[in-house]
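Colleague: PDB, C-alpha atoms, pLDDT in the B column, saved as my_file.pdb, coming up:
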ATOM      1  CA  MET J1144    -239.011 -16.107-161.197  1.00 45.00           C
ATOM      2  CA  SER J1145    -236.660 -16.736-158.280  1.00 55.00           C
ATOM      3  CA  GLN J1146    -236.410 -14.415-155.298  1.00 85.00           C
ATOM      4  CA  VAL J1147    -233.273 -12.304-155.010  1.00 82.00           C
ATOM      5  CA  GLU J1148    -231.592 -11.106-151.834  1.00 87.00           C
ATOM      6  CA  LYS J1149    -229.091  -8.228-151.690  1.00 92.00           C
ATOM      7  CA  VAL J1150    -226.053  -8.977-149.534  1.00 94.00           C
ATOM      8  CA  ILE J1151    -222.980  -7.057-148.399  1.00 95.00           C
ATOM      9  CA  VAL J1152    -219.880  -9.078-149.321  1.00 95.00           C
ATOM     10  CA  PHE J1153    -216.889  -8.985-146.991  1.00 96.00           C
ATOM     11  CA  ASP J1154    -213.574 -10.813-146.610  1.00 95.00           C
ATOM     12  CA  LEU J1155    -212.447 -12.762-143.603  1.00 94.00           C
ATOM     13  CA  ASN J1156    -209.311 -14.907-143.755  1.00 93.00           C
ATOM     14  CA  ASN J1157    -209.356 -14.908-147.600  1.00 92.00           C
ATOM     15  CA  GLU J1158    -212.933 -16.219-147.736  1.00 92.00           C
ATOM     16  CA  GLU J1159    -215.946 -14.247-148.945  1.00 93.00           C
ATOM     17  CA  TYR J1160    -218.946 -13.915-146.640  1.00 94.00           C
ATOM     18  CA  GLY J1161    -222.308 -12.231-147.021  1.00 94.00           C
ATOM     19  CA  ILE J1162    -224.755 -10.482-144.711  1.00 95.00           C
ATOM     20  CA  PRO J1163    -228.214  -9.445-145.973  1.00 93.00           C
ATOM     21  CA  VAL J1164    -228.315  -5.706-146.733  1.00 94.00           C
ATOM     22  CA  LYS J1165    -231.565  -5.424-144.750  1.00 94.00           C
ATOM     23  CA  ASN J1166    -229.512  -6.137-141.576  1.00 94.00           C
ATOM     24  CA  VAL J1167    -226.649  -3.727-142.339  1.00 96.00           C
ATOM     25  CA  LYS J1168    -226.931  -0.224-140.922  1.00 95.00           C
ATOM     26  CA  SER J1169    -223.523   1.105-142.010  1.00 95.00           C
ATOM     27  CA  ILE J1170    -219.914   0.220-142.792  1.00 96.00           C
ATOM     28  CA  GLU J1171    -217.320   2.128-140.781  1.00 96.00           C
ATOM     29  CA  LYS J1172    -213.543   2.429-140.786  1.00 96.00           C
ATOM     30  CA  ILE J1173    -211.803   0.926-137.772  1.00 95.00           C
ATOM     31  CA  GLN J1174    -211.795   3.312-134.816  1.00 94.00           C
ATOM     32  CA  PHE J1175    -210.908   3.441-131.143  1.00 94.00           C
ATOM     33  CA  ILE J1176    -212.635   0.609-129.259  1.00 96.00           C
ATOM     34  CA  THR J1177    -213.128   0.864-125.489  1.00 96.00           C
ATOM     35  CA  ARG J1178    -212.411  -2.469-123.812  1.00 94.00           C
ATOM     36  CA  VAL J1179    -215.062  -3.972-121.565  1.00 92.00           C
ATOM     37  CA  PRO J1180    -213.881  -6.175-118.670  1.00 91.00           C
ATOM     38  CA  LYS J1181    -214.857  -9.834-118.225  1.00 89.00           C
ATOM     39  CA  VAL J1182    -216.019 -10.569-121.777  1.00 89.00           C
ATOM     40  CA  ASN J1183    -214.865 -13.218-124.215  1.00 89.00           C
ATOM     41  CA  ASN J1184    -211.845 -12.310-126.357  1.00 89.00           C
ATOM     42  CA  PHE J1185    -213.968 -11.968-129.536  1.00 93.00           C
ATOM     43  CA  VAL J1186    -215.906  -9.090-127.943  1.00 94.00           C
ATOM     44  CA  LYS J1187    -213.378  -6.311-128.540  1.00 95.00           C
ATOM     45  CA  GLY J1188    -215.384  -3.724-126.560  1.00 96.00           C
ATOM     46  CA  VAL J1189    -217.684  -0.840-127.467  1.00 96.00           C
ATOM     47  CA  ILE J1190    -217.582   2.261-129.660  1.00 96.00           C
ATOM     48  CA  ASN J1191    -219.577   5.469-129.526  1.00 94.00           C
ATOM     49  CA  LEU J1192    -221.150   5.606-132.974  1.00 92.00           C
ATOM     50  CA  ARG J1193    -223.077   8.838-133.497  1.00 90.00           C
ATOM     51  CA  GLY J1194    -224.165   8.846-129.845  1.00 92.00           C
ATOM     52  CA  VAL J1195    -225.017   5.130-129.674  1.00 91.00           C
ATOM     53  CA  VAL J1196    -222.836   2.777-127.619  1.00 93.00           C
ATOM     54  CA  THR J1197    -222.298  -0.188-129.949  1.00 95.00           C
ATOM     55  CA  PRO J1198    -220.657  -3.511-128.978  1.00 96.00           C
ATOM     56  CA  ILE J1199    -217.907  -4.672-131.363  1.00 96.00           C
ATOM     57  CA  ILE J1200    -217.185  -8.324-132.208  1.00 95.00           C
ATOM     58  CA  ASP J1201    -214.087  -9.455-134.107  1.00 96.00           C
ATOM     59  CA  LEU J1202    -215.490 -12.109-136.467  1.00 95.00           C
ATOM     60  CA  ARG J1203    -212.047 -13.704-136.920  1.00 94.00           C
ATOM     61  CA  LEU J1204    -211.972 -14.456-133.191  1.00 93.00           C
ATOM     62  CA  ARG J1205    -215.665 -15.403-133.080  1.00 91.00           C
ATOM     63  CA  PHE J1206    -214.935 -18.075-135.706  1.00 89.00           C
ATOM     64  CA  ASN J1207    -211.704 -19.199-133.969  1.00 88.00           C
ATOM     65  CA  LEU J1208    -209.545 -17.892-136.823  1.00 91.00           C
ATOM     66  CA  GLU J1209    -206.086 -16.406-136.383  1.00 92.00           C
ATOM     67  CA  GLU J1210    -206.117 -12.801-135.158  1.00 92.00           C
ATOM     68  CA  LYS J1211    -204.892 -10.258-137.706  1.00 92.00           C
ATOM     69  CA  GLU J1212    -203.606  -6.743-137.166  1.00 94.00           C
ATOM     70  CA  TYR J1213    -206.084  -4.101-138.329  1.00 95.00           C
ATOM     71  CA  ASN J1214    -205.105  -2.041-141.374  1.00 96.00           C
ATOM     72  CA  GLU J1215    -206.571   0.587-143.724  1.00 95.00           C
ATOM     73  CA  ARG J1216    -208.856  -2.048-145.320  1.00 96.00           C
ATOM     74  CA  THR J1217    -210.276  -3.281-141.985  1.00 97.00           C
ATOM     75  CA  ARG J1218    -213.948  -2.346-141.585  1.00 97.00           C
ATOM     76  CA  ILE J1219    -216.641  -2.497-138.922  1.00 97.00           C
ATOM     77  CA  ILE J1220    -219.975  -3.601-140.364  1.00 97.00           C
ATOM     78  CA  ILE J1221    -222.777  -2.293-138.139  1.00 97.00           C
ATOM     79  CA  VAL J1222    -225.629  -4.805-138.187  1.00 96.00           C
ATOM     80  CA  THR J1223    -229.052  -4.766-136.610  1.00 92.00           C
ATOM     81  CA  PHE J1224    -230.829  -7.974-135.743  1.00 87.00           C
ATOM     82  CA  GLU J1225    -234.022  -8.085-133.710  1.00 86.00           C
ATOM     83  CA  ASP J1226    -233.355  -5.461-131.011  1.00 84.00           C
ATOM     84  CA  LYS J1227    -229.555  -5.661-131.140  1.00 84.00           C
ATOM     85  CA  GLU J1228    -227.099  -3.353-132.886  1.00 92.00           C
ATOM     86  CA  VAL J1229    -223.587  -4.780-133.106  1.00 95.00           C
ATOM     87  CA  GLY J1230    -220.418  -4.083-135.083  1.00 97.00           C
ATOM     88  CA  PHE J1231    -218.498  -6.894-136.784  1.00 97.00           C
ATOM     89  CA  ILE J1232    -214.796  -6.340-137.471  1.00 97.00           C
ATOM     90  CA  VAL J1233    -213.929  -7.812-140.899  1.00 97.00           C
ATOM     91  CA  ASP J1234    -210.786  -7.801-143.052  1.00 97.00           C
ATOM     92  CA  SER J1235    -212.507  -5.717-145.749  1.00 96.00           C
ATOM     93  CA  ALA J1236    -215.975  -4.964-147.105  1.00 95.00           C
ATOM     94  CA  ASN J1237    -216.153  -5.423-150.866  1.00 86.00           C
ATOM     95  CA  ASP J1238    -219.471  -4.807-152.535  1.00 90.00           C
ATOM     96  CA  VAL J1239    -223.215  -5.331-152.623  1.00 93.00           C
ATOM     97  CA  ILE J1240    -224.523  -8.099-154.852  1.00 92.00           C
ATOM     98  CA  ASP J1241    -227.841  -9.741-155.676  1.00 91.00           C
ATOM     99  CA  ILE J1242    -228.045 -13.439-154.882  1.00 89.00           C
ATOM    100  CA  PRO J1243    -230.908 -15.473-156.386  1.00 87.00           C
ATOM    101  CA  ASN J1244    -232.319 -17.711-153.636  1.00 83.00           C
ATOM    102  CA  ASP J1245    -232.015 -20.770-155.893  1.00 84.00           C
ATOM    103  CA  CYS J1246    -228.194 -20.294-155.854  1.00 84.00           C
ATOM    104  CA  VAL J1247    -228.012 -20.802-152.073  1.00 85.00           C
ATOM    105  CA  GLU J1248    -227.465 -24.298-150.686  1.00 85.00           C
ATOM    106  CA  SER J1249    -227.370 -25.353-147.063  1.00 82.00           C
ATOM    107  CA  ALA J1250    -223.901 -25.535-145.548  1.00 74.00           C
ATOM    108  CA  PRO J1251    -222.182 -28.900-146.040  1.00 68.00           C
ATOM    109  CA  GLU J1252    -221.334 -30.839-142.883  1.00 67.00           C
ATOM    110  CA  VAL J1253    -217.621 -30.912-143.811  1.00 57.00           C
ATOM    111  CA  VAL J1254    -217.168 -27.232-142.964  1.00 49.00           C
ATOM    112  CA  GLY J1255    -215.222 -26.794-139.694  1.00 50.00           C
ATOM    113  CA  GLU J1256    -217.713 -27.357-136.911  1.00 52.00           C
ATOM    114  CA  GLN J1257    -217.267 -24.066-135.061  1.00 51.00           C
ATOM    115  CA  GLU J1258    -217.696 -21.992-138.208  1.00 52.00           C
ATOM    116  CA  HIS J1259    -220.489 -24.238-139.503  1.00 59.00           C
ATOM    117  CA  ASP J1260    -222.674 -23.198-136.576  1.00 73.00           C
ATOM    118  CA  TYR J1261    -222.796 -19.649-137.934  1.00 82.00           C
ATOM    119  CA  ILE J1262    -223.508 -20.428-141.594  1.00 86.00           C
ATOM    120  CA  GLU J1263    -226.974 -20.123-143.094  1.00 87.00           C
ATOM    121  CA  GLY J1264    -225.882 -21.344-146.512  1.00 87.00           C
ATOM    122  CA  ILE J1265    -223.381 -21.226-149.371  1.00 89.00           C
ATOM    123  CA  ALA J1266    -224.177 -19.207-152.498  1.00 89.00           C
ATOM    124  CA  LYS J1267    -222.687 -20.457-155.765  1.00 87.00           C
ATOM    125  CA  LEU J1268    -222.136 -17.566-158.163  1.00 84.00           C
ATOM    126  CA  ASP J1269    -220.159 -18.412-161.308  1.00 83.00           C
ATOM    127  CA  LYS J1270    -216.689 -19.190-159.918  1.00 84.00           C
ATOM    128  CA  ARG J1271    -217.340 -17.641-156.480  1.00 86.00           C
ATOM    129  CA  LEU J1272    -218.526 -19.340-153.320  1.00 88.00           C
ATOM    130  CA  LEU J1273    -220.056 -16.961-150.816  1.00 90.00           C
ATOM    131  CA  ILE J1274    -220.711 -17.991-147.202  1.00 90.00           C
ATOM    132  CA  ILE J1275    -224.005 -16.499-145.971  1.00 90.00           C
ATOM    133  CA  LEU J1276    -223.941 -15.843-142.222  1.00 91.00           C
ATOM    134  CA  ASP J1277    -226.758 -16.769-139.865  1.00 88.00           C
ATOM    135  CA  LEU J1278    -226.888 -13.593-137.753  1.00 88.00           C
ATOM    136  CA  GLU J1279    -229.136 -15.190-135.154  1.00 86.00           C
ATOM    137  CA  LYS J1280    -226.440 -17.767-134.363  1.00 86.00           C
ATOM    138  CA  VAL J1281    -223.510 -15.321-134.600  1.00 88.00           C
ATOM    139  CA  LEU J1282    -225.313 -13.088-132.077  1.00 84.00           C
ATOM    140  CA  ASP J1283    -226.788 -15.910-129.984  1.00 77.00           C
ATOM    141  CA  VAL J1284    -226.488 -14.515-126.487  1.00 53.00           C
ATOM    142  CA  ASN J1285    -227.824 -17.700-124.881  1.00 53.00           C
ATOM    143  CA  ASP J1286    -224.916 -19.543-126.483  1.00 46.00           C
ATOM    144  CA  ASP J1287    -222.273 -17.375-124.772  1.00 43.00           C
ATOM    145  CA  ALA J1288    -222.699 -15.824-121.359  1.00 41.00           C
ATOM    146  CA  GLU J1289    -219.884 -13.425-122.261  1.00 42.00           C
ATOM    147  CA  MET J1290    -222.041 -11.794-124.919  1.00 44.00           C
ATOM    148  CA  ASN J1291    -224.043  -9.805-122.314  1.00 47.00           C
ATOM    149  CA  VAL J1292    -222.150  -6.768-123.550  1.00 48.00           C
ATOM    150  CA  VAL J1293    -224.443  -7.056-126.589  1.00 49.00           C
ATOM    151  CA  GLU J1294    -227.276  -6.127-124.251  1.00 48.00           C
ATOM    152  CA  VAL J1295    -225.614  -2.774-123.446  1.00 42.00           C
ATOM    153  CA  LYS J1296    -227.957   0.041-124.492  1.00 38.00           C
TER     154      LYS J1296
END
Please express what this file holds, its structure, as structure tokens.
Modeller:
Amino acid sequence: MSQVEKVIVFDLNNEEYGIPVKNVKSIEKIQFITRVPKVNNFVKGVINLRGVVTPIIDLRLRFNLEEKEYNERTRIIIVTFEDKEVGFIVDSANDVIDIPNDCVESAPEVVGEQEHDYIEGIAKLDKRLLIILDLEKVLDVNDDAEMNVVEVK
């Protein structure tokens, strides 16, 4: 019997992505974000979420995609990874699905290089392709000096 992992599915630039449910704390509607000076443009700032100051990253900008105006479908997915809690701005959050591990393949080299760095694998589900994010690389603070805002407690 193959192992199954539950993932939250979200849209970004008309592509479907997944983050393991075990790393997702909550999904929030877009709210006021306080800008933080001297950070990369993909770090939108911080929010006060139930008393916790949480850094917010726009995944479109993190992946060098075109910026899009936020709307009623825009969501912030609050993720925890190791000792970090961060919000990812996504176009919309769709559903939770089970992905059998034998449906996940490593990311092909043809995927755009910048985005490829953040991909753990591609899940093939019937007619859907789901890009599974590698949270460690998306949140890699050593990779970007500007990400020190992620260290804000």
Colleague: May I ask for the distance between CA of Val1196 in chain J and CA of Asn1183 in chain J, given in Å to one decimal place?
Modeller: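 Separation of CA of Val1196 in chain J and CA of Asn1183 in chain J: 18.2 Å.
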Colleague: Evaluated on this file, the PyMOL selection byres ((chain J and resi 1228-1244) around 7) picks out some residues - which ones are they, written as a PyMOL selection string?
Modeller: chain J and resi 1145-1155+1197-1202+1216-1224+1226-1227+1245-1247+1293
Colleague: Looking at only C-alpha atoms, which of J:Val1189, J:Lys1280, J:Asn1156, J:Ile1176 is the one that sits closest to Arg1203 in chain J?
Modeller: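 Counting only C-alpha atoms, the residue closest to Arg1203 in chain J is J:Asn1156.
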Colleague: Once the PyMOL selection byres ((chain J and resi 1248) around 10) has been applied to the shown file, what residues remain in the selection, as a ChimeraX atom specification?
Modeller: /J:1244-1247,1249-1251,1263-1267,1274-1275
Colleague: Can you measure CA of Glu1212 in chain J to CA of Ile1170 in chain J for me? One decimal in Å is fine.
Modeller: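 These atoms are spaced 18.6 Å apart.
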Colleague: Restricting the calculation to all atoms listed in the file: of J:Gly1194, J:Glu1158, J:Thr1177, J:Asp1260, which residue gets closest to Val1281 in chain J?
Modeller: J:Asp1260
Colleague: Work out where the centre of an axis-aligned box around every listed atom of range 1169-1178 of chain J lies and how long its edges are once 8 Å is added on each side; give both in Å to one decimal as JSON.
Modeller:
{"center_x": -217.2, "center_y": 0.5, "center_z": -133.3, "size_x": 28.6, "size_y": 21.9, "size_z": 35.0}
Colleague: Can you tell me how far CA of Asn1166 in chain J sits from CA of Leu1282 in chain J, in Å to one decimal?
Modeller: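 Taking CA of Asn1166 in chain J and CA of Leu1282 in chain J, their separation equals 12.5 Å.
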Colleague: With distances taken over all atoms listed in the file, which residue among J:Tyr1261, J:Gly1188, J:Asp1283, J:Arg1193 lies nearest Phe1206 in chain J?
Modeller: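 Ranked by minimum distance to Phe1206 in chain J, first place goes to J:Tyr1261.
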Colleague: Identify which of the residues J:Leu1278, J:Val1164, J:Ser1169, J:Arg1205 lies closest to Glu1225 in chain J, counting all atoms listed in the file when measuring atom-to-atom distances.
Modeller: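 Smallest distance to Glu1225 in chain J is found for J:Leu1278.
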Colleague: For Ile1190 in chain J, which residue among J:Lys1165, J:Lys1270, J:Arg1178, J:Lys1211 is the nearest when counting only C-alpha atoms?
Modeller: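 Counting only C-alpha atoms, the residue closest to Ile1190 in chain J is J:Arg1178.
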